[in-house]
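*Asks:* Let me begin by handing over the structure; questions about it come next.
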Amino acid sequence: MSDRSQTLAKVLGIIEPFNKKGVEVSEATRFAQDLEWDSLTVLDFVANIEDEFDVLISMNMQAEIESVAQLVDALEKLQA
Amino acid sequence: MTDLLSKFDDTIALRQGLIDSGVTDPFNLVMETVESPTVAICNGKRTILLGTYNYMGMTFDPDVVAAGKKALDEFGSGTTGSRVLNGTYVGHKACEEALKDFYGMDHAMVFSTGYQANLGIISTIAGKDDYIILDIDSHASIYDGCAMGNAQIVPFRHNDIEALEKRLKRVPEGAGKLVVLEGVYSMLGDIAPLKEMVAISKANGAMVLVDEAHSMGFIGENGRGVAEAQGIIEDVDFIIGTFSKSVGTVGGFCVSNHPKFEILRLVCRPYVFTASLPPSVVATAATSIRKLMDSADKRAHLWENSKRLHAGLRQLGFQLGTDEPQSAIIAVIMPDLEKGAAMWEALLHEGLYVNLARPPATPANMTLLRCSLCALHTEEQVGEILGMFAAAGRATGCIS
């Protein structure tokens, strides 16, 4: 597996417990519109991502991240 | 019609739905006459006030009112100017002296509102490449200050010491760090573990700002707030406060021991580009602040009121925001907005005003009936209040 696909796999794993609606998740899935997460869910999810990858994702960055693919790209950049 | 206001259509519909259900609009109450810090006439009915943040009941204090009248006579109705131009009168300096004495700090800066104090200080000290680490339940004025300064905003779970520490350690090397905390969080009335959080912030090289809006005058030995009560006020870089709660008028401030603090007067836009407070307001504030230094009996009575209301509401079967009373705010958790609005209206009919708080202002999408006690609520009034909660709670089915 490439680095990117490893990151994607980890992200999908972290999304899983928060995917209460059982939405089928792909790179195109959008957090607000498709998963319908509220702000508290987002906070918990982001905290888990931050812990897993040992990075900070500020609210400024979160505002630019709408989809799973964008999150994976951002994580790749943060770890580079 | 679709235009720029169309983005508020959902809010308009939510509000209309609430009004159509027949309840009194909870966000449109008019106080026709205000008799005292604890009683007003609303819709022609005598109403006990339990949602005003008038914690120390200073609004009708004879010395405070006299100072305001005197200033109005001597200095006129307003300054018509910025603090840095023609808007600093002797009264503004006297008010800042009172704050320095109250907090035992070297510097004090008075703003026109508490909102502007947070907006101004935060946006000025934390800029584009700096990091602000803040509690997710922070007040709107804190978030707006962060956004205005364009800093990187990193929230952590409410009152979670470990979550704060983890985030502090991940801030990139060399970046400026500001941790923003509140002494009392106004929605649930709970206090922050400032002792631990301030120590961790300092150990990680961050400056610390604490908003003590809801603690001034009655928490801590000298009423300086939660930071004083927990013994770490010396380690706090900036304390933000307001005149619109315990002080009993309007205005905001920042106090600090930082040696470069005074430069903020020239570079802080919400301080520079607005008119200063009217002379009567700073005169009432200064008088009130000096009286608050010596109010141990009132403080003790306020705590008695808080404990009694908390215990009484619990006994009636209401779910409360905190297990123990931690401040002068007691939050009653309602199952939903509809029930909350019905209960709010039933209380108003009984003759009691509380705040109805709803998302997005509340944490975890809760609907709250927020009660804030006053040192001037009498024992009898607290008894009356509990009777009204019992009657309204049963009438709306909130308790059995």
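We label chains A, B, ... in the order they appear in the structure tokens, count residues from 1 in each chain, and number ligands from 1 in the order shown.
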DSSP on the backbone: which residues in chain A end up as alpha helix (DSSP H)? Give the answer as an mmCIF file with N, CA and C atoms, in the first residue's frame.
*Replies:*
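Final output, result-v8.cif:
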data_model
loop_
_atom_site.group_PDB
_atom_site.id
_atom_site.type_symbol
_atom_site.label_atom_id
_atom_site.label_comp_id
_atom_site.auth_asym_id
_atom_site.auth_seq_id
_atom_site.Cartn_x
_atom_site.Cartn_y
_atom_site.Cartn_z
ATOM 1 N N ASP A 3 1.650 5.305 0.748
ATOM 2 C CA ASP A 3 1.394 6.099 1.943
ATOM 3 C C ASP A 3 -0.021 6.646 1.941
ATOM 4 N N ARG A 4 -0.433 7.131 0.756
ATOM 5 C CA ARG A 4 -1.744 7.765 0.688
ATOM 6 C C ARG A 4 -2.864 6.766 0.975
ATOM 7 N N SER A 5 -2.738 5.565 0.434
ATOM 8 C CA SER A 5 -3.816 4.599 0.664
ATOM 9 C C SER A 5 -3.808 4.107 2.115
ATOM 10 N N GLN A 6 -2.616 4.112 2.721
ATOM 11 C CA GLN A 6 -2.573 3.777 4.161
ATOM 12 C C GLN A 6 -3.293 4.838 4.972
ATOM 13 N N THR A 7 -3.030 6.117 4.630
ATOM 14 C CA THR A 7 -3.702 7.224 5.321
ATOM 15 C C THR A 7 -5.210 7.110 5.139
ATOM 16 N N LEU A 8 -5.628 6.841 3.889
ATOM 17 C CA LEU A 8 -7.059 6.715 3.602
ATOM 18 C C LEU A 8 -7.682 5.598 4.442
ATOM 19 N N ALA A 9 -6.996 4.462 4.516
ATOM 20 C CA ALA A 9 -7.528 3.329 5.280
ATOM 21 C C ALA A 9 -7.702 3.699 6.749
ATOM 22 N N LYS A 10 -6.712 4.400 7.292
ATOM 23 C CA LYS A 10 -6.804 4.816 8.693
ATOM 24 C C LYS A 10 -7.978 5.782 8.900
ATOM 25 N N VAL A 11 -8.111 6.736 7.970
ATOM 26 C CA VAL A 11 -9.201 7.727 8.078
ATOM 27 C C VAL A 11 -10.556 7.014 8.029
ATOM 28 N N LEU A 12 -10.699 6.071 7.096
ATOM 29 C CA LEU A 12 -11.972 5.354 6.981
ATOM 30 C C LEU A 12 -12.282 4.594 8.277
ATOM 31 N N GLY A 13 -11.232 4.037 8.871
ATOM 32 C CA GLY A 13 -11.412 3.316 10.139
ATOM 33 C C GLY A 13 -11.883 4.236 11.258
ATOM 34 N N ILE A 14 -11.369 5.477 11.249
ATOM 35 C CA ILE A 14 -11.748 6.427 12.309
ATOM 36 C C ILE A 14 -13.158 6.979 12.062
ATOM 37 N N ILE A 15 -13.540 7.067 10.790
ATOM 38 C CA ILE A 15 -14.899 7.537 10.467
ATOM 39 C C ILE A 15 -15.939 6.526 10.953
ATOM 40 N N SER A 39 -21.549 19.725 15.263
ATOM 41 C CA SER A 39 -20.251 20.289 15.646
ATOM 42 C C SER A 39 -19.539 19.436 16.707
ATOM 43 N N LEU A 40 -20.300 18.818 17.609
ATOM 44 C CA LEU A 40 -19.663 17.991 18.651
ATOM 45 C C LEU A 40 -19.064 16.726 18.060
ATOM 46 N N THR A 41 -19.765 16.130 17.090
ATOM 47 C CA THR A 41 -19.237 14.945 16.417
ATOM 48 C C THR A 41 -17.957 15.298 15.686
ATOM 49 N N VAL A 42 -17.977 16.454 15.021
ATOM 50 C CA VAL A 42 -16.784 16.909 14.303
ATOM 51 C C VAL A 42 -15.610 17.056 15.281
ATOM 52 N N LEU A 43 -15.886 17.669 16.461
ATOM 53 C CA LEU A 43 -14.823 17.868 17.449
ATOM 54 C C LEU A 43 -14.200 16.524 17.858
ATOM 55 N N ASP A 44 -15.056 15.538 18.150
ATOM 56 C CA ASP A 44 -14.552 14.227 18.574
ATOM 57 C C ASP A 44 -13.790 13.526 17.455
ATOM 58 N N PHE A 45 -14.338 13.607 16.248
ATOM 59 C CA PHE A 45 -13.691 12.984 15.103
ATOM 60 C C PHE A 45 -12.321 13.609 14.841
ATOM 61 N N VAL A 46 -12.291 14.936 14.836
ATOM 62 C CA VAL A 46 -11.019 15.627 14.589
ATOM 63 C C VAL A 46 -10.006 15.264 15.676
ATOM 64 N N ALA A 47 -10.462 15.189 16.925
ATOM 65 C CA ALA A 47 -9.554 14.824 18.023
ATOM 66 C C ALA A 47 -8.952 13.436 17.778
ATOM 67 N N ASN A 48 -9.776 12.499 17.311
ATOM 68 C CA ASN A 48 -9.268 11.153 17.036
ATOM 69 C C ASN A 48 -8.269 11.147 15.879
ATOM 70 N N ILE A 49 -8.573 11.927 14.848
ATOM 71 C CA ILE A 49 -7.638 12.044 13.713
ATOM 72 C C ILE A 49 -6.311 12.641 14.201
ATOM 73 N N GLU A 50 -6.422 13.716 15.007
ATOM 74 C CA GLU A 50 -5.216 14.395 15.504
ATOM 75 C C GLU A 50 -4.363 13.432 16.337
ATOM 76 N N ASP A 51 -5.027 12.642 17.181
ATOM 77 C CA ASP A 51 -4.288 11.694 18.023
ATOM 78 C C ASP A 51 -3.623 10.609 17.177
ATOM 79 N N GLU A 52 -4.350 10.078 16.198
ATOM 80 C CA GLU A 52 -3.826 8.998 15.364
ATOM 81 C C GLU A 52 -2.592 9.455 14.564
ATOM 82 N N PHE A 53 -2.679 10.675 14.008
ATOM 83 C CA PHE A 53 -1.600 11.134 13.128
ATOM 84 C C PHE A 53 -0.631 12.091 13.831
ATOM 85 N N MET A 59 -9.307 24.985 13.273
ATOM 86 C CA MET A 59 -10.630 25.239 12.701
ATOM 87 C C MET A 59 -10.499 25.924 11.340
ATOM 88 N N ASN A 60 -9.433 26.716 11.183
ATOM 89 C CA ASN A 60 -9.188 27.376 9.901
ATOM 90 C C ASN A 60 -8.984 26.334 8.811
ATOM 91 N N MET A 61 -8.202 25.276 9.135
ATOM 92 C CA MET A 61 -7.977 24.204 8.165
ATOM 93 C C MET A 61 -9.265 23.410 7.943
ATOM 94 N N GLN A 62 -9.993 23.161 9.038
ATOM 95 C CA GLN A 62 -11.233 22.378 8.913
ATOM 96 C C GLN A 62 -12.211 23.032 7.945
ATOM 97 N N VAL A 68 -13.673 13.494 2.360
ATOM 98 C CA VAL A 68 -12.679 12.531 2.840
ATOM 99 C C VAL A 68 -11.365 12.711 2.070
ATOM 100 N N ALA A 69 -11.471 12.875 0.746
ATOM 101 C CA ALA A 69 -10.260 13.036 -0.076
ATOM 102 C C ALA A 69 -9.461 14.259 0.364
ATOM 103 N N GLN A 70 -10.171 15.359 0.644
ATOM 104 C CA GLN A 70 -9.484 16.587 1.070
ATOM 105 C C GLN A 70 -8.799 16.391 2.417
ATOM 106 N N LEU A 71 -9.426 15.612 3.310
ATOM 107 C CA LEU A 71 -8.813 15.350 4.617
ATOM 108 C C LEU A 71 -7.539 14.526 4.442
ATOM 109 N N VAL A 72 -7.611 13.503 3.582
ATOM 110 C CA VAL A 72 -6.434 12.662 3.344
ATOM 111 C C VAL A 72 -5.294 13.497 2.754
ATOM 112 N N ASP A 73 -5.632 14.367 1.800
ATOM 113 C CA ASP A 73 -4.610 15.240 1.202
ATOM 114 C C ASP A 73 -3.973 16.127 2.276
ATOM 115 N N ALA A 74 -4.828 16.698 3.139
ATOM 116 C CA ALA A 74 -4.328 17.595 4.183
ATOM 117 C C ALA A 74 -3.397 16.839 5.132
ATOM 118 N N LEU A 75 -3.767 15.594 5.477
ATOM 119 C CA LEU A 75 -2.938 14.789 6.378
ATOM 120 C C LEU A 75 -1.598 14.443 5.742
ATOM 121 N N GLU A 76 -1.642 14.147 4.446
ATOM 122 C CA GLU A 76 -0.399 13.852 3.724
ATOM 123 C C GLU A 76 0.554 15.038 3.800
ATOM 124 N N LYS A 77 -0.038 16.236 3.607
ATOM 125 C CA LYS A 77 0.758 17.457 3.620
ATOM 126 C C LYS A 77 1.320 17.717 5.023
ATOM 127 N N LEU A 78 0.474 17.518 6.051
ATOM 128 C CA LEU A 78 0.891 17.794 7.432
ATOM 129 C C LEU A 78 2.026 16.871 7.871
ATOM 130 N N GLN A 79 2.033 15.646 7.310
ATOM 131 C CA GLN A 79 3.041 14.678 7.752
ATOM 132 C C GLN A 79 4.312 14.732 6.918
#
*Asks:* Which polymer residues have any atom within 10 Å of an atom of Arg170 in chain B, counting only C-alpha atoms, with same-chain residues fewer than 4 positions away left out, as a VMD selection string?
*Replies:* (chain A and resid 50 to 51 54 to 57) or (chain B and resid 165 to 166)
*Asks:* Produce a file of the selected residues containing C-alpha atoms, as a CSV table (one decimal), in the first residue's frame.
*Replies:*
chain,number,residue,atom,x,y,z
A,50,GLU,CA,-5.2,14.4,15.5
A,51,ASP,CA,-4.3,11.7,18.0
A,54,ASP,CA,-0.1,13.3,15.9
A,55,VAL,CA,-1.0,16.6,14.1
A,56,LEU,CA,-3.1,19.7,14.7
A,57,ILE,CA,-6.0,20.4,12.5
B,165,GLU,CA,-2.0,19.5,26.8
B,166,LYS,CA,-1.9,17.3,23.7
*Asks:* Need the shell around range 244-251 of chain B: protein/DNA/RNA residues with any atom at most 7 Å away, counting only C-alpha atoms. Skip same-chain ones fewer than 6 positions apart. Format as a PyMOL selection string?
*Replies:* chain B and resi 53-56+58-59+111-114+216-217+281+285+288-289
*Asks:* Find the residues in chain B near chain A: any atom within 6 Å counts, using only C-alpha atoms. Write them as a VMD selection string.
*Replies:* chain B and resid 152 to 154
*Asks:* Give me the residues within 12 Å of range 18-27 of chain B as a list in words, counting only C-alpha atoms and dropping any in the same chain fewer than 2 places off.
*Replies:*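 Contacts, in chain order: Thr11, Ile12, Ala13, Leu14, Arg15, Gln16, Leu29, Val30, Asn43, Leu337, Glu338, Lys339, Gly340, Ala341, Ala342, Met343, Trp344, Glu345, Ala346, Leu347, Leu348, His349, Tyr353, Val354, Asn355, Leu356, Ala357, Arg358 and Leu369 of chain B.
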*Asks:* Let me see the file: selected residues, C-alpha atoms, as a compact mmCIF listing (two decimals), in the first residue's frame.
*Replies:*
# COMPACT_ATOMS: atom_id res chain seq x y z
CA THR B 11 -34.08 30.45 11.51
CA ILE B 12 -37.17 32.46 10.51
CA ALA B 13 -39.14 29.22 10.12
CA LEU B 14 -37.94 27.84 13.47
CA ARG B 15 -38.92 31.05 15.24
CA GLN B 16 -42.27 31.27 13.49
CA LEU B 29 -39.77 40.40 26.57
CA VAL B 30 -40.14 44.02 27.66
CA ASN B 43 -46.77 42.45 30.85
CA LEU B 337 -36.86 23.49 22.77
CA GLU B 338 -40.65 23.01 22.72
CA LYS B 339 -40.80 21.88 26.35
CA GLY B 340 -38.25 24.51 27.31
CA ALA B 341 -40.31 27.31 25.73
CA ALA B 342 -43.49 26.01 27.39
CA MET B 343 -41.78 25.86 30.77
CA TRP B 344 -40.29 29.33 30.27
CA GLU B 345 -43.75 30.72 29.55
CA ALA B 346 -45.33 28.90 32.49
CA LEU B 347 -42.69 30.40 34.80
CA LEU B 348 -43.39 33.87 33.39
CA HIS B 349 -47.09 33.38 34.13
CA TYR B 353 -38.11 35.50 34.64
CA VAL B 354 -35.28 33.13 33.70
CA ASN B 355 -33.18 32.94 30.48
CA LEU B 356 -34.20 30.46 27.82
CA ALA B 357 -30.97 29.31 26.16
CA ARG B 358 -31.02 27.19 23.04
CA LEU B 369 -33.54 27.44 31.56
*Asks:* Enumerate as a PyMOL selection string all residues of range 248-318 of chain B assigned to strand (DSSP E or B) by DSSP on the backbone, naming them with the chain letters and numbers the document uses.
*Replies:* chain B and resi 252-256+275
*Asks:* Excluding range 95-102 of chain B and its own-chain neighbours fewer than 2 positions away, which residues fall within 9 Å of it when counting only C-alpha atoms? Please give them as an NGL selection string.
*Replies:* :B and (90-93 or 104-110 or 222-224 or 253 or 255-256 or 282-287 or 289-290 or 292-293)
*Asks:* Just N, CA and C atoms for this one: save the residues we selected as a PDB file, in the first residue's frame.
*Replies:*
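Output (again-v4.pdb):
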ATOM      1  N   VAL B  90     -11.393  62.252  33.295  1.00  0.00           N
ATOM      2  CA  VAL B  90     -10.848  61.794  34.582  1.00  0.00           C
ATOM      3  C   VAL B  90     -11.593  60.554  35.075  1.00  0.00           C
ATOM      4  N   GLY B  91     -12.897  60.476  34.764  1.00  0.00           N
ATOM      5  CA  GLY B  91     -13.695  59.326  35.197  1.00  0.00           C
ATOM      6  C   GLY B  91     -13.205  58.000  34.618  1.00  0.00           C
ATOM      7  N   HIS B  92     -12.743  58.033  33.370  1.00  0.00           N
ATOM      8  CA  HIS B  92     -12.230  56.798  32.758  1.00  0.00           C
ATOM      9  C   HIS B  92     -10.950  56.358  33.458  1.00  0.00           C
ATOM     10  N   LYS B  93     -10.089  57.344  33.779  1.00  0.00           N
ATOM     11  CA  LYS B  93      -8.850  57.000  34.487  1.00  0.00           C
ATOM     12  C   LYS B  93      -9.175  56.489  35.897  1.00  0.00           C
ATOM     13  N   GLY B 104      -5.374  44.149  42.063  1.00  0.00           N
ATOM     14  CA  GLY B 104      -3.978  44.192  42.487  1.00  0.00           C
ATOM     15  C   GLY B 104      -3.040  44.012  41.311  1.00  0.00           C
ATOM     16  N   MET B 105      -3.370  44.639  40.191  1.00  0.00           N
ATOM     17  CA  MET B 105      -2.548  44.498  38.974  1.00  0.00           C
ATOM     18  C   MET B 105      -2.025  45.863  38.512  1.00  0.00           C
ATOM     19  N   ASP B 106      -1.028  45.821  37.650  1.00  0.00           N
ATOM     20  CA  ASP B 106      -0.350  47.051  37.227  1.00  0.00           C
ATOM     21  C   ASP B 106      -1.113  47.852  36.173  1.00  0.00           C
ATOM     22  N   HIS B 107      -1.887  47.165  35.335  1.00  0.00           N
ATOM     23  CA  HIS B 107      -2.519  47.844  34.201  1.00  0.00           C
ATOM     24  C   HIS B 107      -3.987  47.460  34.070  1.00  0.00           C
ATOM     25  N   ALA B 108      -4.778  48.434  33.620  1.00  0.00           N
ATOM     26  CA  ALA B 108      -6.192  48.173  33.342  1.00  0.00           C
ATOM     27  C   ALA B 108      -6.605  49.009  32.148  1.00  0.00           C
ATOM     28  N   MET B 109      -7.396  48.404  31.274  1.00  0.00           N
ATOM     29  CA  MET B 109      -7.825  49.077  30.045  1.00  0.00           C
ATOM     30  C   MET B 109      -9.334  48.882  29.958  1.00  0.00           C
ATOM     31  N   VAL B 110     -10.089  49.993  29.891  1.00  0.00           N
ATOM     32  CA  VAL B 110     -11.549  49.904  29.861  1.00  0.00           C
ATOM     33  C   VAL B 110     -12.063  50.019  28.427  1.00  0.00           C
ATOM     34  N   ASN B 222     -10.984  37.870  47.362  1.00  0.00           N
ATOM     35  CA  ASN B 222     -11.260  39.285  47.105  1.00  0.00           C
ATOM     36  C   ASN B 222     -12.224  39.496  45.946  1.00  0.00           C
ATOM     37  N   GLY B 223     -12.908  38.432  45.556  1.00  0.00           N
ATOM     38  CA  GLY B 223     -13.865  38.542  44.453  1.00  0.00           C
ATOM     39  C   GLY B 223     -13.209  38.711  43.099  1.00  0.00           C
ATOM     40  N   ARG B 224     -11.937  38.288  42.985  1.00  0.00           N
ATOM     41  CA  ARG B 224     -11.224  38.467  41.714  1.00  0.00           C
ATOM     42  C   ARG B 224     -11.499  37.341  40.721  1.00  0.00           C
ATOM     43  N   PHE B 253     -13.356  45.202  30.299  1.00  0.00           N
ATOM     44  CA  PHE B 253     -11.986  45.591  30.643  1.00  0.00           C
ATOM     45  C   PHE B 253     -11.025  44.437  30.511  1.00  0.00           C
ATOM     46  N   VAL B 255      -7.274  43.458  32.560  1.00  0.00           N
ATOM     47  CA  VAL B 255      -6.223  43.817  33.518  1.00  0.00           C
ATOM     48  C   VAL B 255      -5.048  42.868  33.317  1.00  0.00           C
ATOM     49  N   SER B 256      -3.833  43.387  33.566  1.00  0.00           N
ATOM     50  CA  SER B 256      -2.632  42.605  33.285  1.00  0.00           C
ATOM     51  C   SER B 256      -1.438  43.189  34.029  1.00  0.00           C
ATOM     52  N   VAL B 282     -18.904  55.303  33.570  1.00  0.00           N
ATOM     53  CA  VAL B 282     -17.631  54.994  34.237  1.00  0.00           C
ATOM     54  C   VAL B 282     -17.674  55.413  35.714  1.00  0.00           C
ATOM     55  N   ALA B 283     -18.452  56.456  36.024  1.00  0.00           N
ATOM     56  CA  ALA B 283     -18.583  56.868  37.431  1.00  0.00           C
ATOM     57  C   ALA B 283     -19.321  55.801  38.237  1.00  0.00           C
ATOM     58  N   THR B 284     -20.416  55.252  37.675  1.00  0.00           N
ATOM     59  CA  THR B 284     -21.136  54.185  38.386  1.00  0.00           C
ATOM     60  C   THR B 284     -20.249  52.954  38.502  1.00  0.00           C
ATOM     61  N   ALA B 285     -19.509  52.634  37.434  1.00  0.00           N
ATOM     62  CA  ALA B 285     -18.648  51.439  37.450  1.00  0.00           C
ATOM     63  C   ALA B 285     -17.567  51.562  38.527  1.00  0.00           C
ATOM     64  N   ALA B 286     -16.882  52.713  38.570  1.00  0.00           N
ATOM     65  CA  ALA B 286     -15.791  52.886  39.538  1.00  0.00           C
ATOM     66  C   ALA B 286     -16.323  52.783  40.975  1.00  0.00           C
ATOM     67  N   THR B 287     -17.473  53.403  41.218  1.00  0.00           N
ATOM     68  CA  THR B 287     -18.060  53.369  42.560  1.00  0.00           C
ATOM     69  C   THR B 287     -18.440  51.937  42.941  1.00  0.00           C
ATOM     70  N   ILE B 289     -17.245  49.071  41.671  1.00  0.00           N
ATOM     71  CA  ILE B 289     -16.059  48.213  41.809  1.00  0.00           C
ATOM     72  C   ILE B 289     -15.440  48.400  43.197  1.00  0.00           C
ATOM     73  N   ARG B 290     -15.343  49.654  43.640  1.00  0.00           N
ATOM     74  CA  ARG B 290     -14.757  49.907  44.962  1.00  0.00           C
ATOM     75  C   ARG B 290     -15.633  49.329  46.069  1.00  0.00           C
ATOM     76  N   LEU B 292     -17.510  46.679  45.712  1.00  0.00           N
ATOM     77  CA  LEU B 292     -17.422  45.207  45.622  1.00  0.00           C
ATOM     78  C   LEU B 292     -16.213  44.656  46.384  1.00  0.00           C
ATOM     79  N   MET B 293     -15.208  45.524  46.595  1.00  0.00           N
ATOM     80  CA  MET B 293     -14.020  45.052  47.321  1.00  0.00           C
ATOM     81  C   MET B 293     -14.375  44.673  48.753  1.00  0.00           C
TER      82      MET B 293
END
*Asks:* Find the residues around Cys374 in chain B up to 10 Å (only C-alpha atoms counted), leave out those fewer than 6 positions away in its own chain, and share them as a VMD selection string.
*Replies:* chain B and resid 37 to 38 49 to 58 246 298 to 299 301 to 303 305 to 306 328 to 329
*Asks:* Would you pick out the contacts of Lys21 in chain A at 12 Å or less, using only C-alpha atoms, so that residues sharing its chain but fewer than 5 positions from it are not included, and give the list as a list in words?
*Replies:*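 Result of the neighbour search: Ile15, Glu16, Asp34, Leu35, Glu36 and Trp37 of chain A.
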